[in-house]
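Shown below: upload-v8.txt, with compact mmCIF, C-alpha atoms.
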```txt
# COMPACT_ATOMS: atom_id res chain seq x y z
CA MET A 1 68.84 109.63 100.07
CA ARG A 2 65.93 112.06 100.47
CA VAL A 3 66.70 115.69 99.59
CA LEU A 4 64.49 118.75 99.97
CA HIS A 5 65.25 121.87 97.95
CA ILE A 6 63.81 125.04 99.48
CA VAL A 7 63.57 128.06 97.16
CA THR A 8 62.00 131.50 97.57
CA GLY A 9 59.86 131.23 94.42
CA LEU A 10 59.56 129.26 91.20
CA ALA A 11 59.08 131.91 88.54
CA SER A 12 61.27 131.46 85.47
CA GLY A 13 64.46 133.13 86.67
CA GLY A 14 68.03 131.92 86.31
CA ALA A 15 68.31 130.30 89.74
CA GLU A 16 64.93 128.64 89.39
CA ARG A 17 65.64 127.23 85.93
CA GLN A 18 69.03 126.05 87.16
CA LEU A 19 67.34 124.13 89.98
CA HIS A 20 64.99 122.45 87.51
CA LEU A 21 67.92 121.44 85.30
CA LEU A 22 69.95 120.07 88.21
CA LEU A 23 67.10 117.88 89.37
CA ARG A 24 67.04 116.23 85.95
CA HIS A 25 70.70 115.23 86.23
CA LEU A 26 71.45 114.44 89.89
CA PRO A 27 72.26 110.78 90.65
CA PRO A 28 69.10 108.62 90.78
CA HIS A 29 69.68 107.51 94.38
CA GLN A 30 69.18 111.14 95.46
CA ARG A 31 65.39 111.51 95.47
CA CYS A 32 64.55 115.21 95.47
CA GLU A 33 61.47 117.21 96.36
CA VAL A 34 61.06 120.99 96.12
CA LEU A 35 59.39 123.46 98.46
CA THR A 36 58.69 127.00 97.30
CA LEU A 37 57.98 129.63 99.93
CA THR A 38 55.84 131.62 97.50
CA ASN A 39 54.99 132.18 93.81
CA PRO A 40 54.85 128.71 92.24
CA GLY A 41 55.27 129.81 88.61
CA THR A 42 56.15 128.07 85.37
CA VAL A 43 59.13 126.26 86.89
CA ALA A 44 56.82 124.61 89.44
CA ASP A 45 54.66 123.37 86.57
CA ALA A 46 57.72 122.05 84.74
CA LEU A 47 58.98 120.25 87.85
CA ARG A 48 55.63 118.59 88.42
CA ALA A 49 55.55 117.54 84.76
CA ASP A 50 58.87 115.78 85.42
CA GLY A 51 57.32 113.91 88.34
CA VAL A 52 58.95 116.01 91.08
CA THR A 53 56.86 116.67 94.20
CA VAL A 54 56.49 120.44 94.72
CA HIS A 55 55.25 121.84 98.03
CA HIS A 56 53.93 125.41 98.31
CA LEU A 57 54.24 127.05 101.73
CA ALA A 58 52.12 130.08 100.69
CA MET A 59 54.31 132.48 102.65
CA ARG A 60 52.86 136.00 102.72
CA GLY A 61 56.09 138.01 102.86
CA ASN A 62 59.55 138.32 104.35
CA ARG A 63 58.17 138.80 107.87
CA ASP A 64 55.59 136.02 107.81
CA LEU A 65 57.10 134.32 110.88
CA GLY A 66 54.11 132.00 111.12
CA ALA A 67 55.48 130.20 108.09
CA LEU A 68 58.48 128.95 110.08
CA PRO A 69 56.66 126.35 112.24
CA ARG A 70 54.80 125.10 109.15
CA LEU A 71 58.12 124.70 107.38
CA VAL A 72 59.67 122.89 110.34
CA ARG A 73 56.77 120.46 110.46
CA LEU A 74 57.04 119.73 106.74
CA VAL A 75 60.80 119.13 106.92
CA ARG A 76 60.43 116.89 109.95
CA ALA A 77 57.58 114.90 108.38
CA GLY A 78 59.59 114.35 105.19
CA ARG A 79 62.48 112.70 107.07
CA TYR A 80 64.95 114.27 104.68
CA ASP A 81 68.63 113.40 104.82
CA LEU A 82 69.69 116.75 103.37
CA VAL A 83 68.15 120.19 102.82
CA HIS A 84 69.40 122.50 100.05
CA THR A 85 68.30 126.15 100.08
CA HIS A 86 68.31 128.68 97.24
CA LEU A 87 67.92 132.50 97.32
CA TYR A 88 68.01 134.85 100.29
CA ARG A 89 64.62 134.39 101.96
CA ALA A 90 64.74 130.62 101.55
CA GLN A 91 68.26 130.61 102.97
CA LEU A 92 67.12 132.42 106.12
CA TYR A 93 64.00 130.37 106.80
CA GLY A 94 65.19 127.11 105.25
CA ARG A 95 68.44 126.75 107.16
CA LEU A 96 66.75 127.53 110.47
CA ALA A 97 63.85 125.17 109.79
CA ALA A 98 66.20 122.36 108.78
CA ARG A 99 68.18 122.69 112.01
CA LEU A 100 65.04 122.86 114.14
CA ALA A 101 63.75 119.74 112.36
CA GLY A 102 66.98 117.89 113.15
CA VAL A 103 68.53 117.76 109.66
CA ARG A 104 72.31 117.86 110.00
CA ALA A 105 73.31 118.23 106.32
CA VAL A 106 72.23 121.67 105.11
CA VAL A 107 73.56 123.11 101.84
CA SER A 108 72.87 126.52 100.33
CA THR A 109 73.73 127.75 96.85
CA GLU A 110 74.66 131.41 96.56
CA HIS A 111 73.38 132.36 93.11
CA SER A 112 73.60 136.16 93.16
CA LEU A 113 75.94 137.84 95.62
CA HIS A 114 78.18 140.87 95.15
CA ALA A 115 80.06 142.84 97.78
CA GLY A 116 77.27 145.41 98.11
CA VAL A 117 74.33 143.75 96.36
CA ILE A 118 72.42 140.51 96.87
CA GLU A 119 69.83 139.45 94.30
CA GLY A 120 69.68 143.02 93.01
CA ARG A 121 69.10 144.59 96.43
CA PRO A 122 71.58 146.73 98.41
CA VAL A 123 73.31 144.93 101.26
CA THR A 124 72.55 146.82 104.46
CA ARG A 125 74.15 146.02 107.81
CA GLY A 126 71.00 144.17 108.83
CA VAL A 127 70.82 142.13 105.62
CA LYS A 128 74.46 141.11 105.93
CA GLY A 129 74.10 140.27 109.64
CA LEU A 130 71.10 138.03 108.98
CA TYR A 131 72.88 136.37 106.09
CA LEU A 132 75.95 135.52 108.14
CA ALA A 133 73.88 134.31 111.10
CA ALA A 134 71.94 131.98 108.81
CA GLU A 135 75.09 130.82 107.04
CA ARG A 136 76.45 129.44 110.32
CA LEU A 137 73.39 127.18 110.57
CA GLY A 138 74.34 125.40 107.36
CA SER A 139 77.00 122.85 106.52
CA THR A 140 78.29 124.24 103.23
CA THR A 141 77.66 127.23 100.99
CA VAL A 142 78.03 126.58 97.27
CA ALA A 143 79.42 129.49 95.22
CA VAL A 144 78.56 129.48 91.51
CA SER A 145 81.73 131.36 90.53
CA ARG A 146 85.10 132.42 91.92
CA GLN A 147 83.70 135.93 92.17
CA VAL A 148 80.94 134.75 94.52
CA ALA A 149 83.42 132.66 96.53
CA GLN A 150 85.67 135.69 96.97
CA THR A 151 82.74 137.80 98.19
CA LEU A 152 81.78 135.13 100.71
CA ARG A 153 85.35 135.02 102.04
CA SER A 154 85.48 138.83 102.26
CA TRP A 155 82.30 138.72 104.35
CA GLY A 156 83.97 136.37 106.80
CA VAL A 157 82.64 132.99 105.69
CA PRO A 158 85.45 130.46 106.38
CA PRO A 159 86.96 129.04 103.17
CA THR A 160 86.43 125.52 104.55
CA ARG A 161 82.65 126.11 104.40
CA ILE A 162 82.68 127.26 100.76
CA GLU A 163 82.40 124.85 97.83
CA LEU A 164 82.87 126.13 94.26
CA ILE A 165 80.36 124.41 91.96
CA PRO A 166 79.37 126.50 88.93
CA ASN A 167 76.01 126.63 87.23
CA GLY A 168 75.52 124.28 84.32
CA ILE A 169 73.83 124.25 80.94
CA ASP A 170 71.99 121.46 79.16
CA THR A 171 74.39 121.12 76.25
CA ALA A 172 72.47 118.22 74.75
CA GLY A 173 69.23 120.23 74.80
CA TYR A 174 70.66 122.71 72.31
CA ARG A 175 72.08 120.12 69.90
CA ARG A 176 69.28 119.79 67.38
CA PRO A 177 69.23 118.50 63.80
CA PRO A 178 69.16 121.43 61.33
CA ALA A 179 65.61 120.69 60.19
CA GLU A 180 64.30 120.63 63.77
CA ARG A 181 66.04 123.88 64.67
CA SER A 182 64.80 125.56 61.50
CA ALA A 183 61.23 124.47 62.24
CA ALA A 184 61.44 125.86 65.79
CA ARG A 185 62.88 129.11 64.46
CA GLY A 186 60.07 129.57 61.96
CA ARG A 187 57.34 128.59 64.42
CA VAL A 188 58.51 130.94 67.19
CA ARG A 189 59.07 133.86 64.81
CA ALA A 190 55.55 133.46 63.47
CA GLU A 191 54.13 133.20 67.00
CA LEU A 192 55.89 136.39 68.06
CA GLY A 193 54.78 138.26 64.97
CA LEU A 194 58.29 138.95 63.73
CA PRO A 195 58.29 140.23 60.14
CA GLU A 196 59.85 138.16 57.39
CA GLY A 197 63.52 139.05 57.03
CA SER A 198 63.81 140.78 60.41
CA TRP A 199 67.11 140.58 62.28
CA VAL A 200 66.46 139.63 65.89
CA VAL A 201 68.44 140.77 68.91
CA GLY A 202 67.51 138.76 71.98
CA GLY A 203 67.81 139.20 75.72
CA VAL A 204 66.96 136.62 78.39
CA GLY A 205 66.38 137.33 82.08
CA ARG A 206 64.02 138.81 84.61
CA LEU A 207 62.82 142.30 83.79
CA VAL A 208 64.60 144.01 86.68
CA PRO A 209 66.86 147.09 86.75
CA GLY A 210 70.05 145.04 87.14
CA LYS A 211 69.62 143.45 83.69
CA ARG A 212 69.90 146.92 82.06
CA PHE A 213 67.65 146.03 79.13
CA GLU A 214 67.00 149.75 78.66
CA VAL A 215 70.49 149.88 77.12
CA LEU A 216 69.28 147.63 74.30
CA LEU A 217 66.19 149.78 73.78
CA ALA A 218 68.33 152.87 73.35
CA ALA A 219 70.66 151.00 70.99
CA LEU A 220 67.67 149.88 68.91
CA VAL A 221 67.07 153.51 67.89
CA ASP A 222 70.36 153.51 65.95
CA LEU A 223 69.89 150.12 64.27
CA ASP A 224 68.25 149.23 60.98
CA PRO A 225 64.42 149.48 61.18
CA ALA A 226 64.21 145.77 60.31
CA THR A 227 65.92 144.96 63.64
CA ARG A 228 63.67 143.61 66.38
CA LEU A 229 64.40 143.24 70.10
CA VAL A 230 62.93 140.18 71.83
CA LEU A 231 63.15 140.10 75.63
CA VAL A 232 62.36 136.75 77.27
CA GLY A 233 61.28 137.08 80.89
CA GLU A 234 58.93 138.83 83.26
CA GLY A 235 59.40 141.24 86.13
CA PRO A 236 58.63 144.61 87.71
CA GLU A 237 60.38 146.63 84.97
CA ARG A 238 58.02 145.53 82.21
CA ALA A 239 55.81 148.63 82.28
CA GLU A 240 58.84 150.93 82.43
CA LEU A 241 60.46 149.20 79.46
CA GLU A 242 57.24 149.57 77.47
CA ARG A 243 57.01 153.23 78.41
CA ARG A 244 60.64 153.85 77.49
CA ALA A 245 60.23 152.04 74.15
CA THR A 246 57.25 154.24 73.32
CA GLU A 247 59.20 157.34 74.28
CA LEU A 248 62.08 156.30 72.00
CA GLY A 249 59.74 155.48 69.12
CA VAL A 250 60.64 151.78 68.97
CA ARG A 251 57.66 150.21 70.73
CA GLU A 252 56.54 148.34 67.61
CA ARG A 253 60.06 146.83 67.33
CA LEU A 254 60.05 145.47 70.91
CA VAL A 255 58.62 142.03 71.72
CA LEU A 256 58.15 141.04 75.37
CA THR A 257 57.43 137.32 75.59
CA GLY A 258 56.71 137.15 79.32
CA GLU A 259 57.69 134.15 81.39
CA ARG A 260 58.44 131.13 79.20
CA ASP A 261 59.69 127.60 79.68
CA ASP A 262 60.83 127.06 76.05
CA VAL A 263 64.01 129.15 76.13
CA PRO A 264 65.92 126.91 73.64
CA ASP A 265 63.20 127.45 71.01
CA LEU A 266 63.21 131.20 71.66
CA LEU A 267 67.00 131.33 71.29
CA ALA A 268 66.70 129.50 67.98
CA ALA A 269 64.53 132.38 66.75
CA MET A 270 67.25 134.96 67.52
CA ASP A 271 70.26 136.09 65.50
CA VAL A 272 72.35 137.38 68.42
CA LEU A 273 72.09 137.36 72.20
CA ALA A 274 72.81 140.65 73.97
CA ALA A 275 73.41 140.83 77.73
CA PRO A 276 74.12 144.39 78.98
CA SER A 277 73.99 143.54 82.71
CA THR A 278 77.07 144.57 84.64
CA ALA A 279 76.14 142.75 87.86
CA GLU A 280 76.25 139.06 86.97
CA THR A 281 77.65 136.47 89.36
CA PHE A 282 77.85 133.76 86.69
CA GLY A 283 76.31 134.70 83.34
CA LEU A 284 74.03 131.74 82.67
CA GLY A 285 72.18 133.48 79.84
CA VAL A 286 75.44 134.15 78.00
CA LEU A 287 76.35 130.45 78.12
CA GLU A 288 72.87 129.45 76.98
CA GLY A 289 73.24 131.76 73.99
CA LEU A 290 76.56 130.14 73.12
CA ALA A 291 75.02 126.67 73.51
CA ALA A 292 72.27 127.72 71.09
CA GLY A 293 74.91 128.62 68.50
CA LEU A 294 74.47 132.38 68.73
CA PRO A 295 77.08 135.10 68.67
CA VAL A 296 76.95 136.89 72.03
CA ARG A 297 77.66 140.48 73.04
CA HIS A 298 77.79 140.92 76.81
CA SER A 299 79.01 143.28 79.53
CA ALA A 300 79.66 140.83 82.38
CA CYS A 301 80.10 137.05 82.52
CA PRO A 302 82.23 135.69 85.38
CA ALA A 303 81.85 132.18 83.94
CA LEU A 304 83.79 133.23 80.84
CA ASP A 305 86.21 135.39 82.80
CA GLU A 306 87.45 132.21 84.49
CA LEU A 307 88.36 130.65 81.12
CA PRO A 308 90.83 131.67 78.39
CA PRO A 309 89.43 133.80 75.51
CA SER A 310 89.74 130.84 73.14
CA ALA A 311 87.02 129.06 75.16
CA ALA A 312 84.32 131.30 73.64
CA PRO A 313 85.55 133.14 70.53
CA GLN A 314 82.00 134.09 69.45
CA ALA A 315 81.41 136.02 72.69
CA ARG A 316 82.65 139.59 72.97
CA ARG A 317 82.60 141.80 76.03
CA ILE A 318 81.61 145.44 75.46
CA PRO A 319 80.70 148.41 77.70
CA SER A 320 77.10 148.52 78.93
CA GLU A 321 76.28 151.65 76.94
CA PRO A 322 73.77 152.19 74.10
CA ALA A 323 76.40 153.47 71.66
CA ALA A 324 78.68 150.49 72.28
CA TYR A 325 75.86 148.00 71.75
CA ALA A 326 74.55 149.80 68.67
CA ALA A 327 78.03 149.75 67.09
CA ALA A 328 78.71 146.10 68.02
CA LEU A 329 75.32 144.90 66.76
CA ARG A 330 75.58 146.93 63.57
CA ASP A 331 79.01 145.43 62.83
CA LEU A 332 77.74 141.94 63.57
CA ARG A 333 74.78 142.29 61.23
CA GLN A 334 77.03 143.44 58.40
CA LEU A 335 79.19 140.37 58.90
CA SER A 336 76.41 137.83 59.28
CA GLY A 337 73.63 139.22 57.10
CA HIS A 338 70.63 136.89 57.30
CA ILE A 339 72.61 133.72 57.95
CA SER A 340 70.70 131.70 60.54
CA ASP A 341 72.86 128.58 60.76
CA PRO A 342 74.07 128.00 64.35
CA LEU A 343 77.71 128.48 65.25
CA PRO A 344 79.58 125.44 66.61
CA HIS A 345 79.70 124.90 70.35
CA PRO A 346 82.78 126.58 71.84
CA PRO A 347 84.83 124.81 74.56
CA ALA A 348 83.14 126.89 77.28
CA VAL A 349 79.86 125.10 76.64
CA GLY A 350 81.38 121.68 77.31
CA HIS A 351 83.20 122.99 80.36
CA TYR A 352 79.90 123.98 82.00
CA ASP A 353 77.86 120.98 80.88
CA ILE A 354 75.14 120.19 83.42
CA ALA A 355 76.13 116.52 83.66
CA ARG A 356 79.53 117.48 85.10
CA VAL A 357 78.04 120.06 87.45
CA ALA A 358 75.33 117.71 88.75
CA ALA A 359 77.89 114.96 89.36
CA ASP A 360 79.96 117.33 91.51
CA LEU A 361 76.90 118.42 93.48
CA GLY A 362 75.76 114.83 93.94
CA ALA A 363 79.20 113.93 95.30
CA LEU A 364 78.92 116.80 97.78
CA TYR A 365 75.53 115.51 98.96
CA ASP A 366 76.94 112.03 99.51
CA ARG A 367 79.92 113.38 101.42
CA LEU A 368 77.81 115.57 103.72
CA ALA A 369 75.24 112.85 104.37
CA ARG A 370 77.98 110.54 105.66
CA VAL A 371 79.21 113.04 108.28
```

Would you kindly transcribe this structure into structure tokens?
Amino acid sequence: MRVLHIVTGLASGGAERQLHLLLRHLPPHQRCEVLTLTNPGTVADALRADGVTVHHLAMRGNRDLGALPRLVRLVRAGRYDLVHTHLYRAQLYGRLAARLAGVRAVVSTEHSLHAGVIEGRPVTRGVKGLYLAAERLGSTTVAVSRQVAQTLRSWGVPPTRIELIPNGIDTAGYRRPPAERSAARGRVRAELGLPEGSWVVGGVGRLVPGKRFEVLLAALVDLDPATRLVLVGEGPERAELERRATELGVRERLVLTGERDDVPDLLAAMDVLAAPSTAETFGLGVLEGLAAGLPVRHSACPALDELPPSAAPQARRIPSEPAAYAAALRDLRQLSGHISDPLPHPPAVGHYDIARVAADLGALYDRLARV
């Protein structure tokens, strides 16, 4: 079976990294290629290193209608059995191109949808109308959480067209011998210039307003001066976060790593993962922190909300406010001190293991291809 994944871009965001991980675990008879409409970033490099063919359409913007015939020609020439689209722009252009090219099995994963927000942008009448028109061109829409599935149903997408398949994490990738983890921790801390004995609060995600990393900056003011904040990711809020850190007097305690493809190593260098976003549709970063053996303090994680509290005892939900994070992190440091040994994997990590998720998605592909 030949499968083409169409994605808006391949910078190192949650949806993009999830795509990379899935392609490593889908059944071998499903031969996948990837097409990015724009911005082939570090994930494109990682995919190519894995031997995956990556096409770049070089689309110039949302209204670059000239990209559509090029996309149709590429889909038709590839003789794909199934097309799978990811993220809003790719869903609009990819579903239409697949239909025009004669592909009958068209899947789309909805990674980031709330009732009034899609991928961090307000849902206007026009945005919603385009979304629903494109959705009807597909075969199935995959929701990554019950929350996303409920939003799709409230928008009028028939339940029979919705498939609930959550995101997954590479559990095995975080299981490292103690010596290997310790070496990665020391190497990354030295690379980032973290002082000896510093206590490291980490955040992972694109630097966009919805991640609310400014909450962690404000909390940093009330934490021990030896505390450092490491933010892994890139995005349009970088300059504003730097400006705000300078204004608060904590700029020298903030480390911005930029876009990275070695997230497990970076997590090994942290002492706690903090996730103050209130607008998550799954909470992939929270699960990755748990898989890395970190205690986690978060403000939204639908993936954990769908499980009993005993599934992740080292994760605690707190309000997305500086005072709440400062208090929670201060308490955690007093309890843990400078202990760097990883915590055991909680049941939630096994529940969302990528092998299970990829098997479910592969079964969906096989079912749709037979129709």

So that I can see what lies close to segment 304-319 of chain A, please list as a compact mmCIF listing (two decimals) with C-alpha atoms, keeping the file's coordinate frame the residues with an atom at most 7 Å from it, counting all atoms listed in the file and leaving out residues fewer than 5 positions away in the same chain.
```
# COMPACT_ATOMS: atom_id res chain seq x y z
CA PRO A 295 77.08 135.10 68.67
CA VAL A 296 76.95 136.89 72.03
CA ARG A 297 77.66 140.48 73.04
CA HIS A 298 77.79 140.92 76.81
CA SER A 299 79.01 143.28 79.53
CA ALA A 324 78.68 150.49 72.28
CA PRO A 346 82.78 126.58 71.84
CA PRO A 347 84.83 124.81 74.56
CA ALA A 348 83.14 126.89 77.28
```

Worksheet item: Skipping near chain neighbours, those fewer than 5 positions away, what residues fall within 8 Å of segment 275-291 of chain A using only C-alpha atoms, listed as a PyMOL selection string?
Response: chain A and resi 14+111-114+144-145+147-148+166-169+171+174+203-205+210-213+215-216+267+296-303+312+314-315+319-321+345-346+348-349

Selection near segment 91-93 of chain A, 9 Å with all atoms listed in the file, sequence-local residues under 2 positions removed, as a PDB file with C-alpha atoms, in the coordinates of the input:
```pdb
ATOM      1  CA  ILE A   6      63.810 125.040  99.480  1.00  0.00           C
ATOM      2  CA  VAL A   7      63.570 128.060  97.160  1.00  0.00           C
ATOM      3  CA  THR A   8      62.000 131.500  97.570  1.00  0.00           C
ATOM      4  CA  LEU A  65      57.100 134.320 110.880  1.00  0.00           C
ATOM      5  CA  ALA A  67      55.480 130.200 108.090  1.00  0.00           C
ATOM      6  CA  LEU A  68      58.480 128.950 110.080  1.00  0.00           C
ATOM      7  CA  LEU A  71      58.120 124.700 107.380  1.00  0.00           C
ATOM      8  CA  HIS A  84      69.400 122.500 100.050  1.00  0.00           C
ATOM      9  CA  THR A  85      68.300 126.150 100.080  1.00  0.00           C
ATOM     10  CA  HIS A  86      68.310 128.680  97.240  1.00  0.00           C
ATOM     11  CA  LEU A  87      67.920 132.500  97.320  1.00  0.00           C
ATOM     12  CA  TYR A  88      68.010 134.850 100.290  1.00  0.00           C
ATOM     13  CA  ARG A  89      64.620 134.390 101.960  1.00  0.00           C
ATOM     14  CA  ARG A  95      68.440 126.750 107.160  1.00  0.00           C
ATOM     15  CA  LEU A  96      66.750 127.530 110.470  1.00  0.00           C
ATOM     16  CA  ALA A  97      63.850 125.170 109.790  1.00  0.00           C
ATOM     17  CA  ALA A  98      66.200 122.360 108.780  1.00  0.00           C
ATOM     18  CA  SER A 108      72.870 126.520 100.330  1.00  0.00           C
ATOM     19  CA  THR A 109      73.730 127.750  96.850  1.00  0.00           C
ATOM     20  CA  LEU A 130      71.100 138.030 108.980  1.00  0.00           C
ATOM     21  CA  TYR A 131      72.880 136.370 106.090  1.00  0.00           C
ATOM     22  CA  ALA A 133      73.880 134.310 111.100  1.00  0.00           C
ATOM     23  CA  ALA A 134      71.940 131.980 108.810  1.00  0.00           C
ATOM     24  CA  GLU A 135      75.090 130.820 107.040  1.00  0.00           C
TER      25      GLU A 135
END
```

Worksheet item: Could you pull the residues within 7 Å of Ser139 of chain A, counting all atoms listed in the file, minus those fewer than 4 positions along the same chain, as a ChimeraX atom specification?
Response: /A:105-107,161

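Rounded to one decimal, atom CA of Asp45 of chain A and atom CA of Glu180 of chain A lie 24.9 Å from each other.
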
Using all atoms listed in the file, the best pick from A:Ala115, A:Ala172, A:Leu223, A:Leu4 as closest to Ala149 of chain A would be A:Ala115

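Atom CA of Ala226 of chain A is found 17.4 Å from atom CA of Glu191 of chain A.
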
Assuming 3 Å of padding per side, give the centre and edge lengths of the axis-aligned box around every listed atom of segment 46-49 of chain A, in Å to one decimal and as JSON.
```
{"center_x": 57.3, "center_y": 119.8, "center_z": 86.6, "size_x": 9.4, "size_y": 10.5, "size_z": 9.7}
```
